[in-house]
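Trainee: Dropping in target.csv, with CSV, C-alpha atoms.
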chain,number,residue,atom,x,y,z
A,1,MET,CA,33.0,-77.5,11.0
A,2,LEU,CA,29.9,-78.5,9.2
A,3,ILE,CA,27.8,-79.6,12.2
A,4,PRO,CA,26.6,-76.6,14.3
A,5,GLU,CA,28.0,-76.7,17.8
A,6,PRO,CA,24.6,-77.3,19.6
A,7,VAL,CA,24.0,-80.3,17.4
A,8,GLN,CA,27.5,-81.7,17.9
A,9,ARG,CA,27.1,-81.2,21.6
A,10,LEU,CA,23.9,-83.3,21.7
A,11,ILE,CA,25.5,-86.0,19.5
A,12,ASP,CA,28.4,-86.2,22.0
A,13,ALA,CA,26.1,-86.4,25.0
A,14,PHE,CA,24.1,-89.2,23.4
A,15,SER,CA,27.3,-91.0,22.4
A,16,ARG,CA,28.2,-91.4,26.1
A,17,LEU,CA,25.1,-93.6,26.7
A,18,PRO,CA,25.8,-97.3,26.9
A,19,GLY,CA,25.2,-99.0,23.5
A,20,VAL,CA,24.9,-95.8,21.6
A,21,GLY,CA,27.6,-95.3,19.0
A,22,PRO,CA,28.3,-92.1,17.0
A,23,LYS,CA,25.8,-93.1,14.2
A,24,THR,CA,22.9,-93.8,16.6
A,25,ALA,CA,23.8,-90.6,18.4
A,26,SER,CA,23.5,-88.6,15.2
A,27,ARG,CA,20.3,-90.3,14.3
A,28,LEU,CA,18.8,-89.5,17.7
A,29,THR,CA,19.9,-85.9,17.5
A,30,PHE,CA,18.5,-85.3,14.1
A,31,PHE,CA,15.3,-87.0,15.2
A,32,MET,CA,15.1,-84.5,18.0
A,33,LEU,CA,15.7,-81.7,15.5
A,34,ARG,CA,12.9,-82.8,13.2
A,35,GLY,CA,10.6,-84.0,16.0
A,36,GLY,CA,8.4,-81.7,18.0
A,37,GLU,CA,9.9,-79.5,20.7
A,38,ASP,CA,7.9,-81.4,23.4
A,39,LEU,CA,10.0,-84.6,23.3
A,40,SER,CA,13.3,-82.9,23.8
A,41,LEU,CA,12.0,-80.8,26.6
A,42,GLU,CA,10.2,-83.7,28.3
A,43,LEU,CA,13.4,-85.8,28.0
A,44,ALA,CA,15.5,-82.9,29.4
A,45,SER,CA,13.2,-82.3,32.4
A,46,ALA,CA,12.9,-86.0,33.1
A,47,LEU,CA,16.7,-86.2,33.2
A,48,GLN,CA,17.0,-83.2,35.5
A,49,GLU,CA,14.4,-84.5,37.9
A,50,LEU,CA,15.6,-88.1,37.9
A,51,LYS,CA,18.2,-87.7,40.7
A,52,ALA,CA,16.4,-84.9,42.5
A,53,ASN,CA,13.3,-87.0,42.9
A,54,THR,CA,14.6,-90.5,43.6
A,55,ALA,CA,16.2,-91.9,46.8
A,56,VAL,CA,17.8,-95.1,47.7
A,57,CYS,CA,16.2,-97.5,50.2
A,58,GLN,CA,18.1,-97.4,53.4
A,59,GLN,CA,17.6,-101.1,53.9
A,60,CYS,CA,18.0,-102.8,50.5
A,61,PHE,CA,19.5,-100.0,48.3
A,62,ASN,CA,16.8,-100.3,45.7
A,63,ILE,CA,15.6,-97.1,44.1
A,64,THR,CA,12.6,-95.5,45.7
A,65,GLY,CA,10.8,-92.1,45.6
A,66,VAL,CA,12.3,-89.1,47.3
A,67,GLY,CA,11.5,-88.6,51.0
A,68,ARG,CA,11.1,-92.3,51.7
A,69,THR,CA,13.6,-94.3,53.7
A,70,LEU,CA,12.3,-97.7,52.6
A,71,CYS,CA,11.4,-98.9,49.2
A,72,GLU,CA,8.0,-100.3,48.4
A,73,VAL,CA,9.2,-103.9,48.8
A,74,CYS,CA,10.8,-103.3,52.2
A,75,ALA,CA,7.8,-101.3,53.4
A,76,HIS,CA,5.3,-103.9,52.2
A,77,PRO,CA,3.5,-105.6,55.2
A,78,ARG,CA,3.0,-108.9,53.3
A,79,ARG,CA,6.5,-109.5,52.1
A,80,ASP,CA,8.6,-112.0,54.0
A,81,PRO,CA,11.6,-110.4,55.7
A,82,ALA,CA,13.1,-113.8,56.4
A,83,GLN,CA,14.0,-114.4,52.8
A,84,ILE,CA,16.2,-112.0,50.9
A,85,CYS,CA,17.3,-112.0,47.3
A,86,VAL,CA,20.7,-110.5,46.6
A,87,VAL,CA,21.0,-108.8,43.2
A,88,GLU,CA,23.5,-106.7,41.4
A,89,GLU,CA,21.3,-103.8,40.2
A,90,PRO,CA,17.9,-102.2,40.7
A,91,LEU,CA,16.9,-103.4,37.2
A,92,ASP,CA,17.3,-107.0,38.5
A,93,VAL,CA,14.8,-106.3,41.2
A,94,LEU,CA,12.4,-105.2,38.4
A,95,ALA,CA,13.0,-108.3,36.4
A,96,LEU,CA,12.4,-110.6,39.5
A,97,GLU,CA,9.3,-108.6,40.5
A,98,ARG,CA,7.9,-109.0,37.0
A,99,THR,CA,7.9,-112.8,37.5
A,100,GLY,CA,5.6,-112.5,40.5
A,101,GLY,CA,7.4,-115.5,42.0
A,102,PHE,CA,9.2,-114.0,44.9
A,103,GLU,CA,7.6,-112.8,48.1
A,104,GLY,CA,10.7,-111.8,50.2
A,105,HIS,CA,12.9,-108.8,50.4
A,106,TYR,CA,15.8,-107.7,48.2
A,107,HIS,CA,19.4,-106.5,48.7
A,108,VAL,CA,20.9,-104.5,45.9
A,109,LEU,CA,24.7,-104.7,45.7
A,110,ASP,CA,25.2,-102.0,43.2
A,111,GLY,CA,27.5,-104.0,41.0
A,112,ALA,CA,29.6,-107.1,41.1
A,113,LEU,CA,33.2,-107.8,42.1
A,114,ASN,CA,35.5,-106.9,39.2
A,115,PRO,CA,39.2,-106.7,40.0
A,116,ILE,CA,40.0,-105.5,36.4
A,117,GLU,CA,37.8,-102.5,36.8
A,118,GLY,CA,38.9,-102.1,40.4
A,119,ILE,CA,35.6,-102.9,42.0
A,120,GLY,CA,36.3,-104.7,45.3
A,121,PRO,CA,34.0,-105.8,48.2
A,122,ASP,CA,34.1,-102.3,49.8
A,123,ASP,CA,32.5,-100.8,46.6
A,124,LEU,CA,29.5,-103.0,46.9
A,125,HIS,CA,26.8,-103.1,49.7
A,126,ILE,CA,28.2,-106.4,51.1
A,127,LYS,CA,29.0,-105.1,54.6
A,128,GLU,CA,25.4,-104.0,54.8
A,129,LEU,CA,24.2,-107.4,53.7
A,130,THR,CA,26.3,-109.1,56.4
A,131,ALA,CA,24.8,-106.7,59.0
A,132,ARG,CA,21.3,-107.5,57.9
A,133,VAL,CA,22.0,-111.2,58.2
A,134,ALA,CA,23.7,-110.7,61.5
A,135,ALA,CA,20.6,-109.0,62.8
A,136,GLY,CA,19.0,-112.5,63.0
A,137,THR,CA,15.6,-112.4,61.2
A,138,ILE,CA,16.9,-113.7,57.9
A,139,LYS,CA,16.6,-117.4,57.3
A,140,GLU,CA,17.5,-117.7,53.6
A,141,VAL,CA,19.7,-115.6,51.3
A,142,ILE,CA,19.1,-116.3,47.6
A,143,ILE,CA,22.1,-115.1,45.7
A,144,ALA,CA,20.8,-113.8,42.3
A,145,THR,CA,23.9,-112.2,40.9
A,146,ASN,CA,24.4,-112.6,37.1
A,147,PRO,CA,25.6,-116.0,35.7
A,148,SER,CA,28.9,-114.3,34.7
A,149,ILE,CA,32.4,-114.6,36.0
A,150,GLU,CA,31.9,-111.4,38.0
A,151,GLY,CA,28.5,-112.6,39.3
A,152,ASP,CA,30.0,-116.0,40.3
A,153,ALA,CA,32.9,-114.4,42.1
A,154,THR,CA,30.6,-112.1,44.0
A,155,ALA,CA,28.3,-115.0,44.9
A,156,MET,CA,31.3,-117.0,46.2
A,157,TYR,CA,32.6,-114.0,48.2
A,158,ILE,CA,29.1,-113.5,49.8
A,159,GLN,CA,28.9,-117.2,50.5
A,160,GLN,CA,32.2,-117.0,52.5
A,161,GLN,CA,31.0,-113.9,54.3
A,162,LEU,CA,27.7,-115.3,55.3
A,163,ALA,CA,28.8,-118.9,56.1
A,164,PRO,CA,29.3,-118.2,59.9
A,165,PHE,CA,25.7,-117.1,60.4
A,166,GLY,CA,24.2,-120.5,59.5
A,167,VAL,CA,21.5,-119.2,57.2
A,168,ARG,CA,20.4,-121.1,54.2
A,169,LEU,CA,22.3,-119.9,51.1
A,170,THR,CA,20.9,-120.6,47.6
A,171,ARG,CA,21.7,-119.5,44.1
A,172,LEU,CA,19.4,-119.2,41.1
A,173,ALA,CA,19.2,-122.4,39.0
A,174,ARG,CA,21.1,-122.6,35.8
A,175,GLY,CA,20.0,-124.6,32.8
A,176,LEU,CA,18.2,-124.4,29.5
A,177,PRO,CA,16.2,-121.2,29.1
A,178,VAL,CA,12.5,-121.8,28.7
A,179,GLY,CA,11.6,-121.8,25.0
A,180,GLY,CA,15.2,-122.5,24.2
A,181,ASP,CA,16.5,-125.2,21.9
A,182,LEU,CA,18.9,-127.9,23.1
A,183,GLU,CA,20.7,-127.8,19.8
A,184,TYR,CA,21.6,-124.1,20.2
A,185,ALA,CA,22.5,-124.2,23.9
A,186,ASP,CA,26.2,-123.5,24.6
A,187,GLN,CA,28.3,-126.1,26.2
A,188,ASN,CA,28.4,-124.6,29.6
A,189,THR,CA,24.7,-124.1,29.9
A,190,LEU,CA,24.2,-127.7,28.8
A,191,LEU,CA,26.7,-129.0,31.3
A,192,ARG,CA,24.9,-127.0,34.0
A,193,ALA,CA,21.5,-128.3,32.9
A,194,LEU,CA,22.9,-131.8,33.1
A,195,SER,CA,24.5,-131.5,36.5
A,196,GLY,CA,21.5,-129.7,37.9
A,197,ARG,CA,19.0,-132.2,36.4
A,198,GLN,CA,15.9,-132.7,38.5
A,199,ASP,CA,14.0,-135.8,39.4
A,200,LEU,CA,10.6,-136.2,37.8
A,201,GLY,CA,7.5,-137.5,39.5
A,202,GLU,CA,8.3,-136.4,43.0
B,1,MET,CA,3.8,-99.3,41.4
B,2,LEU,CA,7.3,-100.5,42.0
B,3,ILE,CA,9.1,-98.0,39.8
B,4,PRO,CA,9.3,-94.5,41.3
B,5,GLU,CA,7.5,-92.0,39.1
B,6,PRO,CA,10.6,-90.0,38.1
B,7,VAL,CA,12.3,-93.1,36.9
B,8,GLN,CA,9.3,-94.3,35.0
B,9,ARG,CA,9.0,-90.9,33.4
B,10,LEU,CA,12.5,-91.0,32.1
B,11,ILE,CA,12.0,-94.6,30.8
B,12,ASP,CA,8.9,-93.4,29.0
B,13,ALA,CA,10.8,-90.4,27.5
B,14,PHE,CA,13.6,-92.6,26.3
B,15,SER,CA,11.1,-95.1,24.8
B,16,ARG,CA,9.9,-92.4,22.5
B,17,LEU,CA,13.3,-92.2,20.7
B,18,PRO,CA,13.5,-94.1,17.5
B,19,GLY,CA,15.0,-97.6,17.9
B,20,VAL,CA,14.8,-97.5,21.7
B,21,GLY,CA,12.4,-100.2,23.1
B,22,PRO,CA,11.3,-100.4,26.7
B,23,LYS,CA,14.2,-102.6,27.7
B,24,THR,CA,16.8,-100.3,26.3
B,25,ALA,CA,15.0,-97.3,27.8
B,26,SER,CA,15.2,-98.9,31.3
B,27,ARG,CA,18.8,-99.7,30.8
B,28,LEU,CA,19.6,-96.1,29.8
B,29,THR,CA,17.6,-94.8,32.8
B,30,PHE,CA,19.3,-97.0,35.3
B,31,PHE,CA,22.6,-96.1,33.8
B,32,MET,CA,21.7,-92.5,34.4
B,33,LEU,CA,20.8,-93.3,38.0
B,34,ARG,CA,24.1,-95.0,38.7
B,35,GLY,CA,26.3,-92.8,36.6
B,36,GLY,CA,27.5,-89.4,37.6
B,37,GLU,CA,25.1,-86.5,37.8
B,38,ASP,CA,27.1,-84.6,35.1
B,39,LEU,CA,26.0,-86.8,32.1
B,40,SER,CA,22.3,-86.4,32.8
B,41,LEU,CA,22.6,-82.7,33.3
B,42,GLU,CA,24.8,-82.3,30.2
B,43,LEU,CA,22.3,-84.3,28.1
B,44,ALA,CA,19.4,-82.3,29.5
B,45,SER,CA,21.0,-79.0,28.8
B,46,ALA,CA,22.2,-80.1,25.3
B,47,LEU,CA,18.6,-81.1,24.6
B,48,GLN,CA,17.2,-77.8,25.8
B,49,GLU,CA,19.6,-75.7,23.8
B,50,LEU,CA,19.4,-77.8,20.6
B,51,LYS,CA,16.4,-76.0,19.1
B,52,ALA,CA,17.2,-72.6,20.7
B,53,ASN,CA,20.7,-72.5,19.1
B,54,THR,CA,20.1,-74.0,15.7
B,55,ALA,CA,18.5,-72.5,12.6
B,56,VAL,CA,17.5,-73.7,9.2
B,57,CYS,CA,19.4,-72.5,6.1
B,58,GLN,CA,17.0,-70.3,4.2
B,59,GLN,CA,18.3,-71.5,0.9
B,60,CYS,CA,18.8,-75.3,1.3
B,61,PHE,CA,17.0,-76.1,4.6
B,62,ASN,CA,20.1,-77.7,6.1
B,63,ILE,CA,20.7,-77.2,9.8
B,64,THR,CA,22.9,-74.3,10.7
B,65,GLY,CA,23.9,-72.2,13.7
B,66,VAL,CA,21.4,-69.7,15.1
B,67,GLY,CA,21.5,-66.2,13.7
B,68,ARG,CA,22.7,-67.3,10.3
B,69,THR,CA,20.5,-67.3,7.2
B,70,LEU,CA,22.7,-69.5,5.1
B,71,CYS,CA,24.4,-72.8,6.1
B,72,GLU,CA,28.2,-73.3,5.8
B,73,VAL,CA,27.8,-75.0,2.4
B,74,CYS,CA,25.6,-72.3,0.8
B,75,ALA,CA,27.8,-69.5,2.3
B,76,HIS,CA,31.0,-71.1,1.1
B,77,PRO,CA,32.7,-69.1,-1.7
B,78,ARG,CA,34.3,-72.1,-3.4
B,79,ARG,CA,31.2,-74.4,-3.7
B,80,ASP,CA,29.6,-74.6,-7.1
B,81,PRO,CA,26.0,-73.2,-7.0
B,82,ALA,CA,25.3,-74.6,-10.4
B,83,GLN,CA,25.1,-78.2,-9.1
B,84,ILE,CA,22.7,-79.1,-6.3
B,85,CYS,CA,22.2,-82.4,-4.6
B,86,VAL,CA,18.7,-83.1,-3.3
B,87,VAL,CA,18.6,-85.1,-0.1
B,88,GLU,CA,15.8,-86.2,2.3
B,89,GLU,CA,17.5,-85.2,5.5
B,90,PRO,CA,20.3,-83.1,7.0
B,91,LEU,CA,22.0,-86.4,8.0
B,92,ASP,CA,22.3,-87.2,4.4
B,93,VAL,CA,24.2,-84.0,3.8
B,94,LEU,CA,26.6,-85.1,6.5
B,95,ALA,CA,27.0,-88.5,4.9
B,96,LEU,CA,27.8,-86.9,1.5
B,97,GLU,CA,30.1,-84.3,3.0
B,98,ARG,CA,32.1,-87.0,4.7
B,99,THR,CA,32.9,-88.5,1.2
B,100,GLY,CA,34.5,-85.2,0.2
B,101,GLY,CA,33.4,-86.0,-3.3
B,102,PHE,CA,30.8,-83.3,-3.9
B,103,GLU,CA,31.6,-79.6,-4.4
B,104,GLY,CA,28.1,-78.2,-5.1
B,105,HIS,CA,25.2,-77.1,-3.0
B,106,TYR,CA,22.4,-79.1,-1.3
B,107,HIS,CA,18.7,-79.0,-1.0
B,108,VAL,CA,17.1,-80.8,2.0
B,109,LEU,CA,13.6,-81.9,1.4
B,110,ASP,CA,12.8,-82.8,5.0
B,111,GLY,CA,11.4,-86.2,4.2
B,112,ALA,CA,10.1,-88.2,1.3
B,113,LEU,CA,6.7,-88.7,-0.3
B,114,ASN,CA,4.8,-91.2,1.7
B,115,PRO,CA,1.0,-91.4,1.0
B,116,ILE,CA,0.5,-93.9,3.8
B,117,GLU,CA,1.8,-91.5,6.4
B,118,GLY,CA,0.1,-88.6,4.7
B,119,ILE,CA,3.2,-86.9,3.5
B,120,GLY,CA,2.5,-85.2,0.2
B,121,PRO,CA,4.6,-82.8,-2.0
B,122,ASP,CA,3.4,-79.8,0.0
B,123,ASP,CA,5.0,-81.2,3.2
B,124,LEU,CA,8.4,-81.3,1.6
B,125,HIS,CA,10.6,-78.4,0.3
B,126,ILE,CA,9.8,-79.2,-3.3
B,127,LYS,CA,8.3,-75.9,-4.2
B,128,GLU,CA,11.4,-74.2,-2.9
B,129,LEU,CA,13.6,-76.5,-5.1
B,130,THR,CA,11.5,-75.7,-8.2
B,131,ALA,CA,12.0,-72.0,-7.4
B,132,ARG,CA,15.8,-72.4,-7.0
B,133,VAL,CA,15.9,-74.2,-10.4
B,134,ALA,CA,13.6,-71.6,-12.0
B,135,ALA,CA,16.0,-68.8,-10.9
B,136,GLY,CA,18.4,-70.1,-13.6
B,137,THR,CA,21.9,-70.6,-12.2
B,138,ILE,CA,21.5,-74.3,-11.6
B,139,LYS,CA,22.7,-76.6,-14.3
B,140,GLU,CA,22.5,-80.0,-12.7
B,141,VAL,CA,20.2,-81.5,-10.0
B,142,ILE,CA,21.5,-84.7,-8.5
B,143,ILE,CA,18.6,-86.5,-6.8
B,144,ALA,CA,20.0,-88.3,-3.8
B,145,THR,CA,16.9,-89.5,-2.1
B,146,ASN,CA,17.1,-92.9,-0.5
B,147,PRO,CA,17.0,-96.0,-2.6
B,148,SER,CA,13.6,-96.9,-1.2
B,149,ILE,CA,10.0,-96.9,-2.5
B,150,GLU,CA,9.4,-93.5,-0.9
B,151,GLY,CA,12.7,-92.1,-2.1
B,152,ASP,CA,12.1,-93.4,-5.7
B,153,ALA,CA,8.6,-91.9,-5.7
B,154,THR,CA,10.0,-88.6,-4.5
B,155,ALA,CA,12.7,-88.7,-7.2
B,156,MET,CA,10.1,-89.4,-9.9
B,157,TYR,CA,7.9,-86.5,-8.7
B,158,ILE,CA,10.9,-84.1,-8.6
B,159,GLN,CA,11.9,-85.2,-12.1
B,160,GLN,CA,8.4,-84.3,-13.4
B,161,GLN,CA,8.5,-81.0,-11.7
B,162,LEU,CA,11.9,-80.0,-13.0
B,163,ALA,CA,11.6,-81.4,-16.5
B,164,PRO,CA,10.3,-78.1,-18.0
B,165,PHE,CA,13.5,-76.2,-16.9
B,166,GLY,CA,15.8,-78.3,-19.1
B,167,VAL,CA,18.5,-78.8,-16.4
B,168,ARG,CA,20.5,-82.0,-16.2
B,169,LEU,CA,18.8,-84.4,-13.8
B,170,THR,CA,20.8,-87.3,-12.4
B,171,ARG,CA,20.3,-89.9,-9.7
B,172,LEU,CA,22.9,-91.6,-7.5
B,173,ALA,CA,24.1,-94.9,-9.0
B,174,ARG,CA,22.9,-98.2,-7.6
B,175,GLY,CA,24.9,-101.3,-7.5
B,176,LEU,CA,27.0,-103.5,-5.3
B,177,PRO,CA,28.2,-101.7,-2.1
B,178,VAL,CA,32.0,-101.4,-2.0
B,179,GLY,CA,33.4,-104.2,0.1
B,180,GLY,CA,30.2,-106.2,-0.4
B,181,ASP,CA,29.9,-109.8,-1.5
B,182,LEU,CA,28.1,-110.7,-4.7
B,183,GLU,CA,26.8,-113.9,-3.1
B,184,TYR,CA,25.0,-111.9,-0.4
B,185,ALA,CA,23.7,-109.1,-2.6
B,186,ASP,CA,19.9,-109.1,-2.8
B,187,GLN,CA,18.2,-109.7,-6.1
B,188,ASN,CA,17.2,-106.1,-6.7
B,189,THR,CA,20.7,-104.7,-6.0
B,190,LEU,CA,22.2,-107.3,-8.3
B,191,LEU,CA,19.7,-106.5,-11.1
B,192,ARG,CA,20.5,-102.8,-10.7
B,193,ALA,CA,24.2,-103.5,-10.7
B,194,LEU,CA,23.8,-105.5,-13.9
B,195,SER,CA,21.6,-103.0,-15.8
B,196,GLY,CA,23.9,-100.1,-14.6
B,197,ARG,CA,27.1,-101.9,-15.6
B,198,GLN,CA,29.9,-99.7,-16.8
B,199,ASP,CA,32.4,-100.1,-19.6
B,200,LEU,CA,35.9,-100.7,-18.6
B,201,GLY,CA,39.0,-99.1,-20.2
B,202,GLU,CA,37.4,-95.9,-21.2
Spell out the structure here as structure tokens.
Mentor:
Amino acid sequence: MLIPEPVQRLIDAFSRLPGVGPKTASRLTFFMLRGGEDLSLELASALQELKANTAVCQQCFNITGVGRTLCEVCAHPRRDPAQICVVEEPLDVLALERTGGFEGHYHVLDGALNPIEGIGPDDLHIKELTARVAAGTIKEVIIATNPSIEGDATAMYIQQQLAPFGVRLTRLARGLPVGGDLEYADQNTLLRALSGRQDLGE
Amino acid sequence: MLIPEPVQRLIDAFSRLPGVGPKTASRLTFFMLRGGEDLSLELASALQELKANTAVCQQCFNITGVGRTLCEVCAHPRRDPAQICVVEEPLDVLALERTGGFEGHYHVLDGALNPIEGIGPDDLHIKELTARVAAGTIKEVIIATNPSIEGDATAMYIQQQLAPFGVRLTRLARGLPVGGDLEYADQNTLLRALSGRQDLGE
């Protein structure tokens, strides 16, 4: 064995991260070896404190600071509790918040339906979503799952579950990405952009 | 602040890794949040023990296990101490070892000359290389610095330093990568492949 055990161990740990292959893992490890002690220790302590110092919002399942029952969005007095946006992951909340275009609350499912990987409705926070809608204050549910097969299946399932409550159900628009080029758009996106075309001058 | 502090802290730590931008850093962090506790703790402990349990070979500056003065290559009874291969980083040693085509010793410089970043000859293990060659057992020095401007400058500097000792100085061949396509080779590589052409049938 040419690689000392502690080095190989870190390479193995890095390799388990998504999108990090063995080559990147070695590069990161040797960067750590050459780089100052402080980055490895900072990364180690940030990792250790991550779970200990974060909590999950009891209402929308977004990530929040430890000791809080509601996340910043749910606890915000100006946000509209009548409109909720259903997303797959906390990262999606961040992406939507960055747009500054949504003033309602969120609901994080923690994934999408995926029969192949054995993820069914009970593995997601769908029951809790139904309960929130059943409580009566919600007027619109914007389903913002990913535009993928799993995201579409999840959206359809949620639609069926929420239909009896008579709330407005919407889904994020699909079409050409801003700054995109018609010529390079794939067939499905172009079809969606066509079928979802909007009237001008209204 | 929408992102809880412990989450942001880990995102910041990941962002400092080479090749990891803010988006990848968030993805890794949220992967850690969703994934099992064991991976974050394993990664944290591997990071903490990396420096504590590794040492640098006193002869070639390669990475080795703690408590050892020589690395596995330098300590190996069958490796030829008369031939040394000069590389920039420990990762380069691994790459060469993987080929199985080199039976000599190594010398890790810990970088390459880079005036823009202020890396001069004294920041690299060049003095130690000169001392090893001056000791007299070495017959050939293969300079295997990267085929880059910095690597070439370093090779040239080493060549000047070692010239008085009369040892054989060589450099890794340049040319078309195996499995590559002539059509896609860049001009410089093609020029090198031409000027370094080898006779057939000898």
Trainee: Contacts of segment 55-72 of chain A at 10 Å or less, counting only C-alpha atoms, minus same-chain residues fewer than 5 places along, as a PyMOL selection string?
Mentor: (chain A and resi 50+77+84-87+89-94+105-110+125+128-129+132) or (chain B and resi 1-7+30+33)
Trainee: Could you save the residues just selected, with C-alpha atoms, as a PDB file, keeping the file's coordinate frame?
Mentor:
ATOM      1  CA  LEU A  50      15.600 -88.100  37.900  1.00  0.00           C
ATOM      2  CA  PRO A  77       3.500-105.600  55.200  1.00  0.00           C
ATOM      3  CA  ILE A  84      16.200-112.000  50.900  1.00  0.00           C
ATOM      4  CA  CYS A  85      17.300-112.000  47.300  1.00  0.00           C
ATOM      5  CA  VAL A  86      20.700-110.500  46.600  1.00  0.00           C
ATOM      6  CA  VAL A  87      21.000-108.800  43.200  1.00  0.00           C
ATOM      7  CA  GLU A  89      21.300-103.800  40.200  1.00  0.00           C
ATOM      8  CA  PRO A  90      17.900-102.200  40.700  1.00  0.00           C
ATOM      9  CA  LEU A  91      16.900-103.400  37.200  1.00  0.00           C
ATOM     10  CA  ASP A  92      17.300-107.000  38.500  1.00  0.00           C
ATOM     11  CA  VAL A  93      14.800-106.300  41.200  1.00  0.00           C
ATOM     12  CA  LEU A  94      12.400-105.200  38.400  1.00  0.00           C
ATOM     13  CA  HIS A 105      12.900-108.800  50.400  1.00  0.00           C
ATOM     14  CA  TYR A 106      15.800-107.700  48.200  1.00  0.00           C
ATOM     15  CA  HIS A 107      19.400-106.500  48.700  1.00  0.00           C
ATOM     16  CA  VAL A 108      20.900-104.500  45.900  1.00  0.00           C
ATOM     17  CA  LEU A 109      24.700-104.700  45.700  1.00  0.00           C
ATOM     18  CA  ASP A 110      25.200-102.000  43.200  1.00  0.00           C
ATOM     19  CA  HIS A 125      26.800-103.100  49.700  1.00  0.00           C
ATOM     20  CA  GLU A 128      25.400-104.000  54.800  1.00  0.00           C
ATOM     21  CA  LEU A 129      24.200-107.400  53.700  1.00  0.00           C
ATOM     22  CA  ARG A 132      21.300-107.500  57.900  1.00  0.00           C
TER      23      ARG A 132
ATOM     24  CA  MET B   1       3.800 -99.300  41.400  1.00  0.00           C
ATOM     25  CA  LEU B   2       7.300-100.500  42.000  1.00  0.00           C
ATOM     26  CA  ILE B   3       9.100 -98.000  39.800  1.00  0.00           C
ATOM     27  CA  PRO B   4       9.300 -94.500  41.300  1.00  0.00           C
ATOM     28  CA  GLU B   5       7.500 -92.000  39.100  1.00  0.00           C
ATOM     29  CA  PRO B   6      10.600 -90.000  38.100  1.00  0.00           C
ATOM     30  CA  VAL B   7      12.300 -93.100  36.900  1.00  0.00           C
ATOM     31  CA  PHE B  30      19.300 -97.000  35.300  1.00  0.00           C
ATOM     32  CA  LEU B  33      20.800 -93.300  38.000  1.00  0.00           C
TER      33      LEU B  33
END
Trainee: Please provide the set of residues having any atom within 10 Å of Gln48 of chain B, restricted to all atoms listed in the file, with same-chain residues fewer than 6 positions apart removed, written as an NGL selection string.
Mentor: (:A and (6 or 10 or 37 or 40-45)) or (:B and (42))
Trainee: What does the distance between atom CA of Gln187 of chain B and atom CA of Thr145 of chain B come to in Å, to one decimal place?
Mentor: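 A separation of 20.6 Å between them.
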Trainee: Determine, counting only C-alpha atoms, which protein, DNA and RNA residues have an atom within 12 Å of an atom of segment 164-173 of chain A; residues of the same chain fewer than 6 positions away are not included. Present the result as a ChimeraX atom specification.
Mentor: /A:82-87,96,129-147,151-152,154-156,158,189,192-198
Trainee: Take the residues that were just selected and, keeping C-alpha atoms, output them as a compact mmCIF listing (two decimals), keeping the file's coordinate frame.
Mentor:
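The file below, out-v7.txt, is the result:
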# COMPACT_ATOMS: atom_id res chain seq x y z
CA ALA A 82 13.10 -113.80 56.40
CA GLN A 83 14.00 -114.40 52.80
CA ILE A 84 16.20 -112.00 50.90
CA CYS A 85 17.30 -112.00 47.30
CA VAL A 86 20.70 -110.50 46.60
CA VAL A 87 21.00 -108.80 43.20
CA LEU A 96 12.40 -110.60 39.50
CA LEU A 129 24.20 -107.40 53.70
CA THR A 130 26.30 -109.10 56.40
CA ALA A 131 24.80 -106.70 59.00
CA ARG A 132 21.30 -107.50 57.90
CA VAL A 133 22.00 -111.20 58.20
CA ALA A 134 23.70 -110.70 61.50
CA ALA A 135 20.60 -109.00 62.80
CA GLY A 136 19.00 -112.50 63.00
CA THR A 137 15.60 -112.40 61.20
CA ILE A 138 16.90 -113.70 57.90
CA LYS A 139 16.60 -117.40 57.30
CA GLU A 140 17.50 -117.70 53.60
CA VAL A 141 19.70 -115.60 51.30
CA ILE A 142 19.10 -116.30 47.60
CA ILE A 143 22.10 -115.10 45.70
CA ALA A 144 20.80 -113.80 42.30
CA THR A 145 23.90 -112.20 40.90
CA ASN A 146 24.40 -112.60 37.10
CA PRO A 147 25.60 -116.00 35.70
CA GLY A 151 28.50 -112.60 39.30
CA ASP A 152 30.00 -116.00 40.30
CA THR A 154 30.60 -112.10 44.00
CA ALA A 155 28.30 -115.00 44.90
CA MET A 156 31.30 -117.00 46.20
CA ILE A 158 29.10 -113.50 49.80
CA THR A 189 24.70 -124.10 29.90
CA ARG A 192 24.90 -127.00 34.00
CA ALA A 193 21.50 -128.30 32.90
CA LEU A 194 22.90 -131.80 33.10
CA SER A 195 24.50 -131.50 36.50
CA GLY A 196 21.50 -129.70 37.90
CA ARG A 197 19.00 -132.20 36.40
CA GLN A 198 15.90 -132.70 38.50
Trainee: Which residue out of A:Lys127, A:Lys51, A:Lys23, A:Arg79 has the minimum interatomic distance to chain B when all atoms listed in the file are used?
Mentor: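 Smallest distance to chain B is found for A:Lys51.
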Trainee: Just give me the gap between atom CA of Ile119 of chain A and atom CA of Ala25 of chain B in Å, one decimal is fine.
Mentor: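 Distance reported for this atom pair: 25.6 Å.
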Trainee: Any idea what the distance is between atom CA of Asp12 of chain A and atom CA of Ala46 of chain B?
Mentor: 9.3 Å
Trainee: I'd like the neighbourhood of segment 13-22 of chain B as a list in words, where a residue qualifies if any of its atoms comes within 9 Å (using all atoms listed in the file), though same-chain residues fewer than 2 positions away should be ignored.
Mentor: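 Residues near the query, excluding close chain neighbours: Thr24, Arg27, Leu28, Phe31, Met32, Leu39, Ser40, Glu42, Leu43 and Ala46 of chain A; Gln8, Arg9, Leu10, Ile11, Thr24, Ala25, Ser26, Arg27, Leu28 and Thr29 of chain B.
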Trainee: Looking at all atoms listed in the file, which of A:Gly111, A:Pro81, A:Pro177, A:Gly104 is the one that sits closest to chain B?
Mentor: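 Ranked by minimum distance to chain B, first place goes to A:Gly111.
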